[in-house]
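K.L.:
Let me begin by handing over the structure; questions about it come next.
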Amino acid sequence: MSEFDAIFVGAGHNSLACAAHLARKGWKTAVFERSAAIGGAVQTREFTLPGFRHDFGAMNLSLFAGSAFHRKYANELKNQGLEFAPVADCFASAFPDGKWFGVSNDLEKTAARLAAFSAADADTWWRLVAAFPGEAEHLFRLLGSPMSTRALAGTAWKLWRKKGVAGALDTGRLLLSSPRAWLEENFETPHVRATLAAWGMHLDFAPDIAGGAVFPYLESMANQSFGMVLGKGGADTMIRALAGMVTAAGGKIATGAEVAEITVAGGRATGVRLASGDFHVASKAVIAGVAPKALPGKLLPDGSGDAGFDAAMKKFRYAPGTMMIHLALDDLPDWSAGAELRQFAYVHLSPSLDAMSRTYQQATAGILPDEPVLVIGQPTAVDPSRAPAGKHVLWVQVRMLPAEVLGDAAGRIEPGPWDAIKDAYAERVLEIIESYAPGLRQKILGRAVFSPLDLERENPNLVGGDQICGSHHLAQNFLFRPARGYAGWNTPVSNFYLTGAATWPGAGTGAASGFMLAEQLGGR
Ligand SMILES: Cc1cc2nc3c(=O)[nH]c(=O)nc-3n(C[C@H](O)[C@H](O)[C@H](O)COP(=O)(O)OP(=O)(O)OC[C@H]3O[C@@H](n4cnc5c(N)ncnc54)[C@H](O)[C@@H]3O)c2cc1C
């Protein structure tokens, strides 16, 4: 048994960022991770062949690069080896009619592509990009502040002072809009609408879901204005740097160390019991970066002492799942829509708003989509160091899929457990890519397929393969993430806190929940 000031359950990047800050404030910290490797959804491994480094989950580290944690600790992270690979050609979509549209950080380039579709859309783009700094200031303040009615009122007040009533209401309307509403109001070209709407599908914002417009808006404007970054050599550069900061400040990180119970006495968290049977004491805080379903009856065997909180944790809603297909390739895909697509970090195959809506509907109904949204990452187009000379890796994210399969929209795959059907479904995905990039199959040197179930096996926070650890729809976001009364990372058990994607401000690599909690506990 050892004694610490703070004990962390899980070594996701939020926990690591929180541990790093607290350790530097003099707290004695320990992080216990059940897997053999730290990083949770942010890991890089040789899944296919030696020398081919694949990002298991997150590939785009722009949120981390732009985070408050990175702003404060850029030098320390750099000293611990953090390196980014900047992206100029950020994202694009290829379409069945042979056309494509893409956003590069060179505004003239993007605008020229838009003008080839529609002069009006190009004008809109220039206008939106010019207005972005004024809008971003408020949106980033909202997303980067602790969530409480007081903080919301403060943000609203600043917004009103800067933009007046009409301007503030316009920002509020953007926050409430669905992707389709915002896209149809602003752009006339279906290709442009579909290219931007694909960003909603990275979360669980299908085109018709209220509250989803802000994600396509922020991603496209931020990519246009600042570009994008990947991790040099792999996304795990960020995890190694965070872990380096924790241990350099005297913190301990243990892998293969599953926490089986958070020990509670008199309504206060006192430490953890590991699956190995070891106990460890935490005098100031136990901080869990876990999915809400892991709490009542499991990590908290007798519950939290508050029936309302326990019920909310059990009812917490997860989004549809993801399949990841990692390919080792002889060469990048030959996109028939245009050779320029080979230089983009992401190519989306999501032909229309209606197709995306249908796919989401199918997945939520338990049906394998006939036409899943494909997010195709080409990290070696940006960072060749991830593969042997001249070779490539392809990162294929298949959105959206049911956790439990009840049927197949294409009528070709017999429903069954994911282990039995994942290869057949991966074949469907490869067929779709092949139809946009003929010859892909001949370039494949190795492949690894992770079904939604495999994702959850790797990291239990990815419930049913949900890559965002809980729906971000309005009823479960802002003051309601993970539940009303608990948006401040608090729980009914004193000294016990939550962090991670299930908590405000949600999924992504921004380390925001971990860092805001760290500052709340340990000061700035
Ligand atoms: C396929 C995929 C693609 C993504 N792409 C992007 C992207 O490109 N850009 C982006 O910004 N975001 C992306 N995301 C989202 C982002 O990666 C996650 O939201 C984020 O990494 C979650 O971090 P976290 O701190 O919540 O912890 P997690 O990464 O979920 O890690 C939690 C850790 O806790 C451990 N754990 C759980 N229970 C226990 C226990 N009882 N005892 C000990 N350890 C435990 C788990 O094993 C895991 O290591 C992606 C996610 C996935 C899955």
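Residue numbering restarts at 1 for every chain of the structure tokens, chains are lettered A, B, ... in their displayed order, and ligands are numbered from 1 as they appear.
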Would you mind listing what lies within 6 Å of segment 508-510 of chain A as a list of chain:residue names, with only C-alpha atoms counted and same-chain residues fewer than 5 positions away left out?
P.N.:
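Counting only C-alpha atoms, the residues come to A:Leu63, A:Phe64, A:Ser67.
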K.L.:
Could you take the residues named above and write them with N, CA, C and O atoms, as a CSV table (one decimal), in the first residue's frame?
P.N.:
chain,number,residue,atom,x,y,z
A,63,LEU,N,-6.6,20.1,-31.6
A,63,LEU,CA,-7.2,20.5,-30.3
A,63,LEU,C,-6.1,20.6,-29.2
A,63,LEU,O,-6.1,21.6,-28.4
A,64,PHE,N,-5.2,19.7,-29.2
A,64,PHE,CA,-4.1,19.8,-28.2
A,64,PHE,C,-3.2,20.9,-28.5
A,64,PHE,O,-2.8,21.7,-27.6
A,67,SER,N,-4.6,24.1,-27.3
A,67,SER,CA,-5.2,24.0,-25.9
A,67,SER,C,-4.6,24.9,-25.0
A,67,SER,O,-3.4,25.3,-25.1
K.L.:
Step by step, measure atom-to-atom distances between ligand 1 and each residue using only C-alpha atoms and all ligand atoms, keep those at most 7 Å, then write them as a PyMOL selection string.
P.N.:
chain A and resi 9-15+32-35+38-42+56-63+257-260+289-290+322+324+397+458-462+467-469+499-502+506-511
K.L.:
With only C-alpha atoms as the basis for distance, which of A:Ala30, A:Asp123, A:Lys158, A:Ala206 is at the shortest distance from Arg358 of chain A?
P.N.:
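Counting only C-alpha atoms, the residue closest to Arg358 of chain A is A:Ala206.
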K.L.:
Looking only at the backbone, which of the residues in segment 56-259 of chain A does DSSP tag as strand (DSSP E), as an MDAnalysis selection string?
P.N.:
chainID A and resid 84:87 89:94 100:104 228:231 252:254 259
K.L.:
Quick one: write out the picked residues with N, CA, C and O atoms as a compact mmCIF listing (two decimals), in the first residue's frame?
P.N.:
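See out-v1.txt below for the written result:
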# COMPACT_ATOMS: atom_id res chain seq x y z
N PHE A 84 5.03 18.32 -33.55
CA PHE A 84 3.87 18.29 -34.43
C PHE A 84 4.31 18.24 -35.90
O PHE A 84 5.39 18.70 -36.24
N ALA A 85 3.43 17.68 -36.74
CA ALA A 85 3.64 17.71 -38.19
C ALA A 85 2.54 18.60 -38.77
O ALA A 85 1.36 18.22 -38.75
N PRO A 86 2.88 19.82 -39.22
CA PRO A 86 1.84 20.74 -39.70
C PRO A 86 1.23 20.29 -41.03
O PRO A 86 1.93 19.74 -41.89
N VAL A 87 -0.06 20.55 -41.16
CA VAL A 87 -0.81 20.13 -42.36
C VAL A 87 -1.28 21.37 -43.10
O VAL A 87 -1.92 22.24 -42.50
N ASP A 89 -2.89 20.99 -46.42
CA ASP A 89 -4.10 20.55 -47.12
C ASP A 89 -4.88 19.69 -46.13
O ASP A 89 -4.54 18.51 -45.93
N CYS A 90 -5.88 20.29 -45.50
CA CYS A 90 -6.45 19.69 -44.29
C CYS A 90 -7.47 18.60 -44.60
O CYS A 90 -7.27 17.45 -44.24
N PHE A 91 -8.58 18.97 -45.23
CA PHE A 91 -9.61 17.94 -45.46
C PHE A 91 -10.31 18.18 -46.78
O PHE A 91 -10.37 19.31 -47.27
N ALA A 92 -10.79 17.09 -47.35
CA ALA A 92 -11.46 17.16 -48.65
C ALA A 92 -12.53 16.08 -48.71
O ALA A 92 -12.56 15.19 -47.86
N SER A 93 -13.40 16.19 -49.67
CA SER A 93 -14.36 15.11 -49.94
C SER A 93 -14.32 14.80 -51.42
O SER A 93 -14.22 15.72 -52.26
N ALA A 94 -14.39 13.51 -51.73
CA ALA A 94 -14.51 13.09 -53.14
C ALA A 94 -15.96 12.64 -53.35
O ALA A 94 -16.58 12.10 -52.42
N TRP A 100 -14.52 16.98 -56.58
CA TRP A 100 -14.04 17.02 -55.20
C TRP A 100 -13.95 18.45 -54.73
O TRP A 100 -13.89 19.38 -55.53
N PHE A 101 -14.00 18.61 -53.39
CA PHE A 101 -13.78 19.93 -52.79
C PHE A 101 -12.91 19.73 -51.56
O PHE A 101 -13.04 18.72 -50.86
N GLY A 102 -12.01 20.68 -51.31
CA GLY A 102 -11.14 20.55 -50.14
C GLY A 102 -10.75 21.89 -49.56
O GLY A 102 -10.77 22.91 -50.27
N VAL A 103 -10.44 21.88 -48.28
CA VAL A 103 -10.03 23.09 -47.56
C VAL A 103 -8.54 23.00 -47.25
O VAL A 103 -8.10 22.08 -46.55
N SER A 104 -7.78 23.95 -47.80
CA SER A 104 -6.35 24.06 -47.49
C SER A 104 -6.16 25.33 -46.68
O SER A 104 -7.01 26.23 -46.73
N MET A 228 -3.86 22.54 -39.63
CA MET A 228 -4.14 21.40 -38.76
C MET A 228 -2.79 20.85 -38.35
O MET A 228 -1.79 21.12 -39.04
N VAL A 229 -2.72 20.08 -37.26
CA VAL A 229 -1.45 19.39 -36.99
C VAL A 229 -1.71 17.93 -36.66
O VAL A 229 -2.71 17.57 -36.04
N LEU A 230 -0.78 17.09 -37.07
CA LEU A 230 -0.73 15.70 -36.64
C LEU A 230 0.47 15.58 -35.71
O LEU A 230 1.28 16.51 -35.58
N GLY A 231 0.62 14.43 -35.07
CA GLY A 231 1.80 14.19 -34.24
C GLY A 231 2.94 13.72 -35.13
O GLY A 231 2.74 12.86 -35.98
N LYS A 252 3.94 8.95 -10.50
CA LYS A 252 4.14 7.53 -10.83
C LYS A 252 3.07 7.13 -11.85
O LYS A 252 1.92 7.54 -11.73
N ILE A 253 3.47 6.33 -12.84
CA ILE A 253 2.49 5.80 -13.81
C ILE A 253 2.66 4.29 -13.84
O ILE A 253 3.76 3.79 -14.10
N ALA A 254 1.58 3.57 -13.56
CA ALA A 254 1.65 2.11 -13.58
C ALA A 254 0.73 1.57 -14.66
O ALA A 254 -0.43 1.99 -14.75
N VAL A 259 -7.97 -0.55 -11.99
CA VAL A 259 -8.61 -0.17 -10.73
C VAL A 259 -9.95 -0.89 -10.67
O VAL A 259 -10.77 -0.79 -11.59
K.L.:
To one decimal place in Å, what is the distance between atom CA of Gly26 of chain A and atom CA of Gln520 of chain A?
P.N.:
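That distance, rounded to one decimal, is 14.7 Å.
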K.L.:
Using 12 Å as the limit and counting only C-alpha atoms, can you tabulate each residue of segment 39-146 of chain A that touches segment 167-177 of chain A, with its shortest atom-to-atom distance in Å and the two atoms involved, as JSON lines?
P.N.:
{"residue": "A:Ala131", "atom": "CA", "partner": "A:Gly167", "partner_atom": "CA", "distance": 11.7}
{"residue": "A:Phe132", "atom": "CA", "partner": "A:Thr171", "partner_atom": "CA", "distance": 11.4}
{"residue": "A:Gly134", "atom": "CA", "partner": "A:Gly167", "partner_atom": "CA", "distance": 10.4}
{"residue": "A:Glu135", "atom": "CA", "partner": "A:Thr171", "partner_atom": "CA", "distance": 7.5}
{"residue": "A:Ala136", "atom": "CA", "partner": "A:Thr171", "partner_atom": "CA", "distance": 10.0}
{"residue": "A:Glu137", "atom": "CA", "partner": "A:Thr171", "partner_atom": "CA", "distance": 11.2}
{"residue": "A:His138", "atom": "CA", "partner": "A:Thr171", "partner_atom": "CA", "distance": 8.6}
{"residue": "A:Leu139", "atom": "CA", "partner": "A:Thr171", "partner_atom": "CA", "distance": 8.4}
{"residue": "A:Leu142", "atom": "CA", "partner": "A:Leu175", "partner_atom": "CA", "distance": 10.8}
{"residue": "A:Leu143", "atom": "CA", "partner": "A:Leu175", "partner_atom": "CA", "distance": 11.4}
K.L.:
Write out, as a compact mmCIF listing (two decimals), in the first residue's frame, the residues just selected, with C-alpha atoms.
P.N.:
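See again-v4.txt below for the written result:
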# COMPACT_ATOMS: atom_id res chain seq x y z
CA ALA A 131 -15.69 37.22 -39.30
CA PHE A 132 -14.14 34.13 -37.67
CA GLY A 134 -14.72 37.81 -33.68
CA GLU A 135 -16.83 34.65 -33.42
CA ALA A 136 -14.02 32.35 -32.30
CA GLU A 137 -13.17 34.52 -29.31
CA HIS A 138 -16.56 33.76 -27.73
CA LEU A 139 -16.90 30.15 -28.84
CA LEU A 142 -17.23 29.01 -23.89
CA LEU A 143 -15.56 25.69 -24.76
K.L.:
Hey, can you check how far atom CA of Gly305 of chain A sits from atom CA of Gly488 of chain A?
P.N.:
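Computing it gives 18.3 Å between the two atoms.
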K.L.:
Just checking: using only C-alpha atoms, which residue out of A:Ala363, A:Ala275, A:Ala448, A:Ala312 ends up closest to Val405 of chain A?
P.N.:
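Smallest separation from Val405 of chain A among the options: A:Ala363.
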K.L.:
Give me every helix (DSSP H, G or I) residue in segment 179-336 of chain A, going by DSSP on the backbone, as a ChimeraX atom specification.
P.N.:
/A:179-186,190-197,200-202,214-226,236-248,292-294,307-315
K.L.:
Can you check which parts of segment 232-294 of chain A lie within 12 Å of segment 472-484 of chain A? Per residue, the shortest pair of atoms and distance in Å to one decimal, counting only C-alpha atoms, sorted by chain and number, as JSON lines.
P.N.:
{"residue": "A:Val290", "atom": "CA", "partner": "A:Pro482", "partner_atom": "CA", "distance": 11.4}
{"residue": "A:Ala291", "atom": "CA", "partner": "A:Pro482", "partner_atom": "CA", "distance": 9.5}
{"residue": "A:Pro292", "atom": "CA", "partner": "A:Pro482", "partner_atom": "CA", "distance": 7.7}
{"residue": "A:Lys293", "atom": "CA", "partner": "A:Pro482", "partner_atom": "CA", "distance": 10.9}
K.L.:
When you look at segment 428-433 of chain A with a cut-off of 9 Å (counting only C-alpha atoms), what residues show up, excluding the ones that are within fewer than 2 positions of it in the same chain? I need them as a PyMOL selection string.
P.N.:
chain A and resi 325+333+349+370-372+374+396+398+423-426+435-438+440-441
K.L.:
Residues of the last selection are to be written out with all heavy atoms, as a tab-separated table (two decimals), in the first residue's frame.
P.N.:
chain	number	residue	atom	x	y	z
A	325	ILE	N	-10.11	0.73	-39.65
A	325	ILE	CA	-9.36	-0.17	-40.53
A	325	ILE	C	-8.00	0.49	-40.78
A	325	ILE	O	-7.94	1.63	-41.26
A	325	ILE	CB	-10.10	-0.39	-41.86
A	325	ILE	CG1	-11.51	-0.92	-41.59
A	325	ILE	CG2	-9.31	-1.35	-42.76
A	325	ILE	CD1	-12.36	-1.09	-42.83
A	333	PRO	N	-3.67	6.02	-52.14
A	333	PRO	CA	-4.73	5.74	-53.12
A	333	PRO	C	-4.65	6.68	-54.32
A	333	PRO	O	-4.26	7.85	-54.18
A	333	PRO	CB	-6.03	6.03	-52.33
A	333	PRO	CG	-5.64	5.98	-50.90
A	333	PRO	CD	-4.20	6.39	-50.82
A	349	LEU	N	-15.47	10.34	-47.55
A	349	LEU	CA	-16.39	9.80	-48.55
A	349	LEU	C	-17.77	9.80	-47.89
A	349	LEU	O	-18.10	8.89	-47.11
A	349	LEU	CB	-15.98	8.38	-48.97
A	349	LEU	CG	-14.55	8.25	-49.55
A	349	LEU	CD1	-14.25	6.81	-49.95
A	349	LEU	CD2	-14.35	9.19	-50.75
A	370	ASP	N	-25.57	0.71	-45.40
A	370	ASP	CA	-25.10	0.28	-46.72
A	370	ASP	C	-24.02	1.21	-47.23
A	370	ASP	O	-23.18	0.83	-48.02
A	370	ASP	CB	-26.27	0.19	-47.72
A	370	ASP	CG	-27.14	1.43	-47.71
A	370	ASP	OD1	-27.05	2.22	-46.75
A	370	ASP	OD2	-27.92	1.61	-48.66
A	371	GLU	N	-24.04	2.47	-46.74
A	371	GLU	CA	-23.10	3.46	-47.25
A	371	GLU	C	-22.53	4.26	-46.06
A	371	GLU	O	-22.89	5.42	-45.86
A	371	GLU	CB	-23.87	4.41	-48.18
A	371	GLU	CG	-23.04	5.18	-49.12
A	371	GLU	CD	-23.91	6.06	-50.04
A	371	GLU	OE1	-25.11	6.23	-49.77
A	371	GLU	OE2	-23.36	6.57	-51.00
A	372	PRO	N	-21.66	3.64	-45.24
A	372	PRO	CA	-21.16	4.35	-44.06
A	372	PRO	C	-20.35	5.57	-44.48
A	372	PRO	O	-19.85	5.64	-45.60
A	372	PRO	CB	-20.24	3.32	-43.40
A	372	PRO	CG	-19.80	2.43	-44.51
A	372	PRO	CD	-20.98	2.35	-45.44
A	374	LEU	N	-17.08	7.47	-44.55
A	374	LEU	CA	-15.69	7.06	-44.39
A	374	LEU	C	-14.80	8.29	-44.23
A	374	LEU	O	-14.84	9.21	-45.05
A	374	LEU	CB	-15.23	6.24	-45.60
A	374	LEU	CG	-16.05	4.97	-45.87
A	374	LEU	CD1	-15.43	4.17	-47.01
A	374	LEU	CD2	-16.16	4.09	-44.62
A	396	VAL	N	-8.52	4.42	-41.67
A	396	VAL	CA	-9.89	4.48	-42.18
A	396	VAL	C	-10.86	4.38	-41.01
A	396	VAL	O	-10.93	3.36	-40.33
A	396	VAL	CB	-10.17	3.35	-43.19
A	396	VAL	CG1	-11.58	3.47	-43.75
A	396	VAL	CG2	-9.14	3.36	-44.32
A	398	VAL	N	-14.66	4.32	-39.87
A	398	VAL	CA	-15.96	3.99	-40.46
A	398	VAL	C	-17.04	4.47	-39.50
A	398	VAL	O	-17.18	3.95	-38.39
A	398	VAL	CB	-16.08	2.47	-40.68
A	398	VAL	CG1	-17.37	2.16	-41.43
A	398	VAL	CG2	-14.87	1.92	-41.42
A	423	ASP	N	-15.03	-8.78	-40.68
A	423	ASP	CA	-14.24	-8.84	-41.92
A	423	ASP	C	-15.12	-8.61	-43.14
A	423	ASP	O	-14.71	-7.94	-44.10
A	423	ASP	CB	-13.49	-10.18	-42.00
A	423	ASP	CG	-12.33	-10.19	-41.01
A	423	ASP	OD1	-11.69	-9.13	-40.84
A	423	ASP	OD2	-12.10	-11.23	-40.38
A	424	ALA	N	-16.35	-9.14	-43.08
A	424	ALA	CA	-17.28	-8.92	-44.19
A	424	ALA	C	-17.60	-7.44	-44.32
A	424	ALA	O	-17.67	-6.88	-45.43
A	424	ALA	CB	-18.56	-9.73	-43.98
A	425	TYR	N	-17.77	-6.77	-43.17
A	425	TYR	CA	-18.09	-5.35	-43.24
A	425	TYR	C	-16.88	-4.54	-43.73
A	425	TYR	O	-17.03	-3.60	-44.51
A	425	TYR	CB	-18.60	-4.81	-41.89
A	425	TYR	CG	-19.37	-3.53	-42.11
A	425	TYR	CD1	-20.65	-3.55	-42.63
A	425	TYR	CD2	-18.78	-2.30	-41.86
A	425	TYR	CE1	-21.34	-2.37	-42.90
A	425	TYR	CE2	-19.46	-1.12	-42.13
A	425	TYR	CZ	-20.74	-1.16	-42.64
A	425	TYR	OH	-21.41	0.01	-42.92
A	426	ALA	N	-15.70	-4.96	-43.30
A	426	ALA	CA	-14.49	-4.26	-43.78
A	426	ALA	C	-14.37	-4.39	-45.29
A	426	ALA	O	-13.92	-3.46	-45.98
A	426	ALA	CB	-13.25	-4.83	-43.08
A	435	SER	N	-14.11	2.10	-55.22
A	435	SER	CA	-14.92	2.75	-56.26
A	435	SER	C	-14.49	4.21	-56.47
A	435	SER	O	-14.78	4.80	-57.51
A	435	SER	CB	-16.42	2.65	-55.94
A	435	SER	OG	-16.71	3.49	-54.84
A	436	TYR	N	-13.83	4.80	-55.49
A	436	TYR	CA	-13.32	6.17	-55.62
A	436	TYR	C	-11.82	6.19	-55.97
A	436	TYR	O	-11.30	7.21	-56.41
A	436	TYR	CB	-13.49	6.95	-54.32
A	436	TYR	CG	-14.90	7.33	-53.97
A	436	TYR	CD1	-15.72	6.45	-53.27
A	436	TYR	CD2	-15.39	8.58	-54.30
A	436	TYR	CE1	-17.00	6.80	-52.91
A	436	TYR	CE2	-16.68	8.95	-53.95
A	436	TYR	CZ	-17.49	8.06	-53.26
A	436	TYR	OH	-18.76	8.42	-52.91
A	437	ALA	N	-11.15	5.07	-55.68
A	437	ALA	CA	-9.70	5.02	-55.89
A	437	ALA	C	-9.34	3.64	-56.41
A	437	ALA	O	-8.83	2.77	-55.67
A	437	ALA	CB	-8.96	5.30	-54.58
A	438	PRO	N	-9.62	3.38	-57.68
A	438	PRO	CA	-9.41	2.03	-58.23
A	438	PRO	C	-7.96	1.58	-58.05
A	438	PRO	O	-7.04	2.40	-58.17
A	438	PRO	CB	-9.77	2.20	-59.71
A	438	PRO	CG	-10.61	3.44	-59.79
A	438	PRO	CD	-10.17	4.32	-58.66
A	440	LEU	N	-6.79	0.25	-55.22
A	440	LEU	CA	-6.34	0.30	-53.82
A	440	LEU	C	-5.95	-1.11	-53.32
A	440	LEU	O	-4.93	-1.28	-52.67
A	440	LEU	CB	-7.43	0.88	-52.92
A	440	LEU	CG	-7.03	0.86	-51.44
A	440	LEU	CD1	-6.14	2.05	-51.11
A	440	LEU	CD2	-8.23	0.82	-50.51
A	441	ARG	N	-6.79	-2.10	-53.65
A	441	ARG	CA	-6.55	-3.43	-53.09
A	441	ARG	C	-5.16	-3.96	-53.45
A	441	ARG	O	-4.53	-4.64	-52.66
A	441	ARG	CB	-7.61	-4.42	-53.58
A	441	ARG	CG	-8.89	-4.33	-52.81
A	441	ARG	CD	-9.89	-5.31	-53.40
A	441	ARG	NE	-11.23	-5.04	-52.97
A	441	ARG	CZ	-11.76	-5.45	-51.83
A	441	ARG	NH1	-11.05	-6.16	-51.00
A	441	ARG	NH2	-13.01	-5.16	-51.51
K.L.:
Quick one: of A:Phe95, A:Trp27, A:Trp160, A:Phe496, who's nearest to Ser304 of chain A, counting only C-alpha atoms?
P.N.:
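For Ser304 of chain A, the nearest of the candidates is A:Phe496.
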K.L.:
Give the answer as one residue: which of A:Trp126, A:Phe69, A:Phe52, A:Trp182 has the shortest atom-to-atom distance to Ala210 of chain A, using only C-alpha atoms?
P.N.:
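Among A:Trp126, A:Phe69, A:Phe52, A:Trp182, it is A:Trp182 that comes nearest to Ala210 of chain A.
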K.L.:
Report, in Å with one decimal, the straight-line distance from atom CA of Gln362 of chain A to atom CA of Trp395 of chain A.
P.N.:
23.4 Å
K.L.:
Fewer than 5 positions away in the same chain doesn't count, so skip those; otherwise give me all residues within 9 Å of Asn186 of chain A, counting only C-alpha atoms, as an mmCIF file with all heavy atoms, in the first residue's frame.
P.N.:
data_model
loop_
_atom_site.group_PDB
_atom_site.id
_atom_site.type_symbol
_atom_site.label_atom_id
_atom_site.label_comp_id
_atom_site.auth_asym_id
_atom_site.auth_seq_id
_atom_site.Cartn_x
_atom_site.Cartn_y
_atom_site.Cartn_z
ATOM 1 N N ASP A 121 -20.836 30.957 -53.145
ATOM 2 C CA ASP A 121 -20.241 30.195 -52.044
ATOM 3 C C ASP A 121 -18.834 30.698 -51.727
ATOM 4 O O ASP A 121 -18.426 30.743 -50.567
ATOM 5 C CB ASP A 121 -20.212 28.698 -52.374
ATOM 6 C CG ASP A 121 -21.594 28.062 -52.257
ATOM 7 O OD1 ASP A 121 -22.533 28.774 -51.833
ATOM 8 O OD2 ASP A 121 -21.741 26.873 -52.598
ATOM 9 N N THR A 124 -19.243 33.801 -49.700
ATOM 10 C CA THR A 124 -19.644 33.455 -48.326
ATOM 11 C C THR A 124 -18.426 33.019 -47.523
ATOM 12 O O THR A 124 -18.259 33.387 -46.355
ATOM 13 C CB THR A 124 -20.689 32.307 -48.350
ATOM 14 O OG1 THR A 124 -21.799 32.748 -49.093
ATOM 15 C CG2 THR A 124 -21.114 31.902 -46.952
ATOM 16 N N TRP A 125 -17.573 32.234 -48.160
ATOM 17 C CA TRP A 125 -16.373 31.726 -47.457
ATOM 18 C C TRP A 125 -15.493 32.885 -47.001
ATOM 19 O O TRP A 125 -15.057 32.956 -45.854
ATOM 20 C CB TRP A 125 -15.610 30.774 -48.374
ATOM 21 C CG TRP A 125 -14.568 29.946 -47.668
ATOM 22 C CD1 TRP A 125 -13.228 30.205 -47.579
ATOM 23 C CD2 TRP A 125 -14.781 28.731 -46.944
ATOM 24 N NE1 TRP A 125 -12.599 29.232 -46.853
ATOM 25 C CE2 TRP A 125 -13.528 28.308 -46.448
ATOM 26 C CE3 TRP A 125 -15.902 27.948 -46.660
ATOM 27 C CZ2 TRP A 125 -13.356 27.145 -45.690
ATOM 28 C CZ3 TRP A 125 -15.728 26.790 -45.909
ATOM 29 C CH2 TRP A 125 -14.488 26.400 -45.434
ATOM 30 N N ALA A 181 -29.224 23.013 -41.242
ATOM 31 C CA ALA A 181 -29.801 24.365 -41.237
ATOM 32 C C ALA A 181 -28.714 25.389 -41.556
ATOM 33 O O ALA A 181 -28.901 26.256 -42.422
ATOM 34 C CB ALA A 181 -30.430 24.655 -39.877
ATOM 35 N N ARG A 193 -21.638 21.686 -49.003
ATOM 36 C CA ARG A 193 -22.400 21.338 -47.792
ATOM 37 C C ARG A 193 -21.950 19.981 -47.247
ATOM 38 O O ARG A 193 -21.718 19.814 -46.057
ATOM 39 C CB ARG A 193 -23.887 21.260 -48.115
ATOM 40 C CG ARG A 193 -24.509 22.588 -48.468
ATOM 41 C CD ARG A 193 -25.951 22.350 -48.900
ATOM 42 N NE ARG A 193 -26.611 23.578 -49.302
ATOM 43 C CZ ARG A 193 -27.777 23.609 -49.946
ATOM 44 N NH1 ARG A 193 -28.384 22.474 -50.270
ATOM 45 N NH2 ARG A 193 -28.327 24.751 -50.271
#
K.L.:
Could you pull the residues within 10 Å of Asn79 of chain A, counting only C-alpha atoms, minus those fewer than 3 positions along the same chain, as a ChimeraX atom specification?
P.N.:
/A:73-76,82-83,241,244-245
K.L.:
Would you export the selected residues with N, CA and C atoms as a short mmCIF file (atom, residue, chain, number, x, y, z; two decimals), in the first residue's frame, please?
P.N.:
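Below is the file part-v5.cif, written as the result:
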data_model
loop_
_atom_site.label_atom_id
_atom_site.label_comp_id
_atom_site.auth_asym_id
_atom_site.auth_seq_id
_atom_site.Cartn_x
_atom_site.Cartn_y
_atom_site.Cartn_z
N TYR A 73 2.28 24.99 -21.15
CA TYR A 73 3.41 24.07 -20.96
C TYR A 73 4.14 23.73 -22.26
N ALA A 74 4.07 24.62 -23.26
CA ALA A 74 4.66 24.30 -24.57
C ALA A 74 6.14 23.92 -24.44
N ASN A 75 6.88 24.66 -23.64
CA ASN A 75 8.33 24.38 -23.52
C ASN A 75 8.58 23.04 -22.87
N GLU A 76 7.87 22.78 -21.78
CA GLU A 76 8.06 21.51 -21.06
C GLU A 76 7.71 20.34 -21.99
N LEU A 82 7.67 16.41 -27.50
CA LEU A 82 6.47 16.66 -28.33
C LEU A 82 6.86 17.35 -29.64
N GLU A 83 6.40 16.77 -30.74
CA GLU A 83 6.65 17.37 -32.06
C GLU A 83 5.39 17.25 -32.90
N ALA A 241 5.05 12.80 -24.19
CA ALA A 241 5.45 14.08 -23.59
C ALA A 241 4.70 14.32 -22.28
N GLY A 244 6.07 12.05 -19.70
CA GLY A 244 7.39 12.55 -19.30
C GLY A 244 7.26 13.67 -18.28
N MET A 245 6.27 14.56 -18.50
CA MET A 245 6.05 15.65 -17.55
C MET A 245 5.63 15.12 -16.18
#
K.L.:
Which residues are close to Arg180 of chain A, i.e. within 6 Å by only C-alpha atoms, leaving aside same-chain residues fewer than 2 positions away? Reply as a PDB file with C-alpha atoms, in the first residue's frame.
P.N.:
ATOM      1  CA  SER A 178     -28.326  21.673 -36.961  1.00  0.00           C
ATOM      2  CA  TRP A 182     -26.494  26.254 -41.091  1.00  0.00           C
ATOM      3  CA  LEU A 183     -25.105  24.739 -44.292  1.00  0.00           C
ATOM      4  CA  GLU A 184     -28.253  25.263 -46.354  1.00  0.00           C
ATOM      5  CA  PRO A 207     -27.039  16.727 -40.485  1.00  0.00           C
ATOM      6  CA  ASP A 208     -30.438  17.084 -38.835  1.00  0.00           C
TER       7      ASP A 208
END
K.L.:
With only C-alpha atoms as the atoms that count, which of A:Lys391, A:His70, A:Arg141, A:Arg45 lies nearest to His21 of chain A?
P.N.:
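Result for the nearest residue to His21 of chain A: A:His70.
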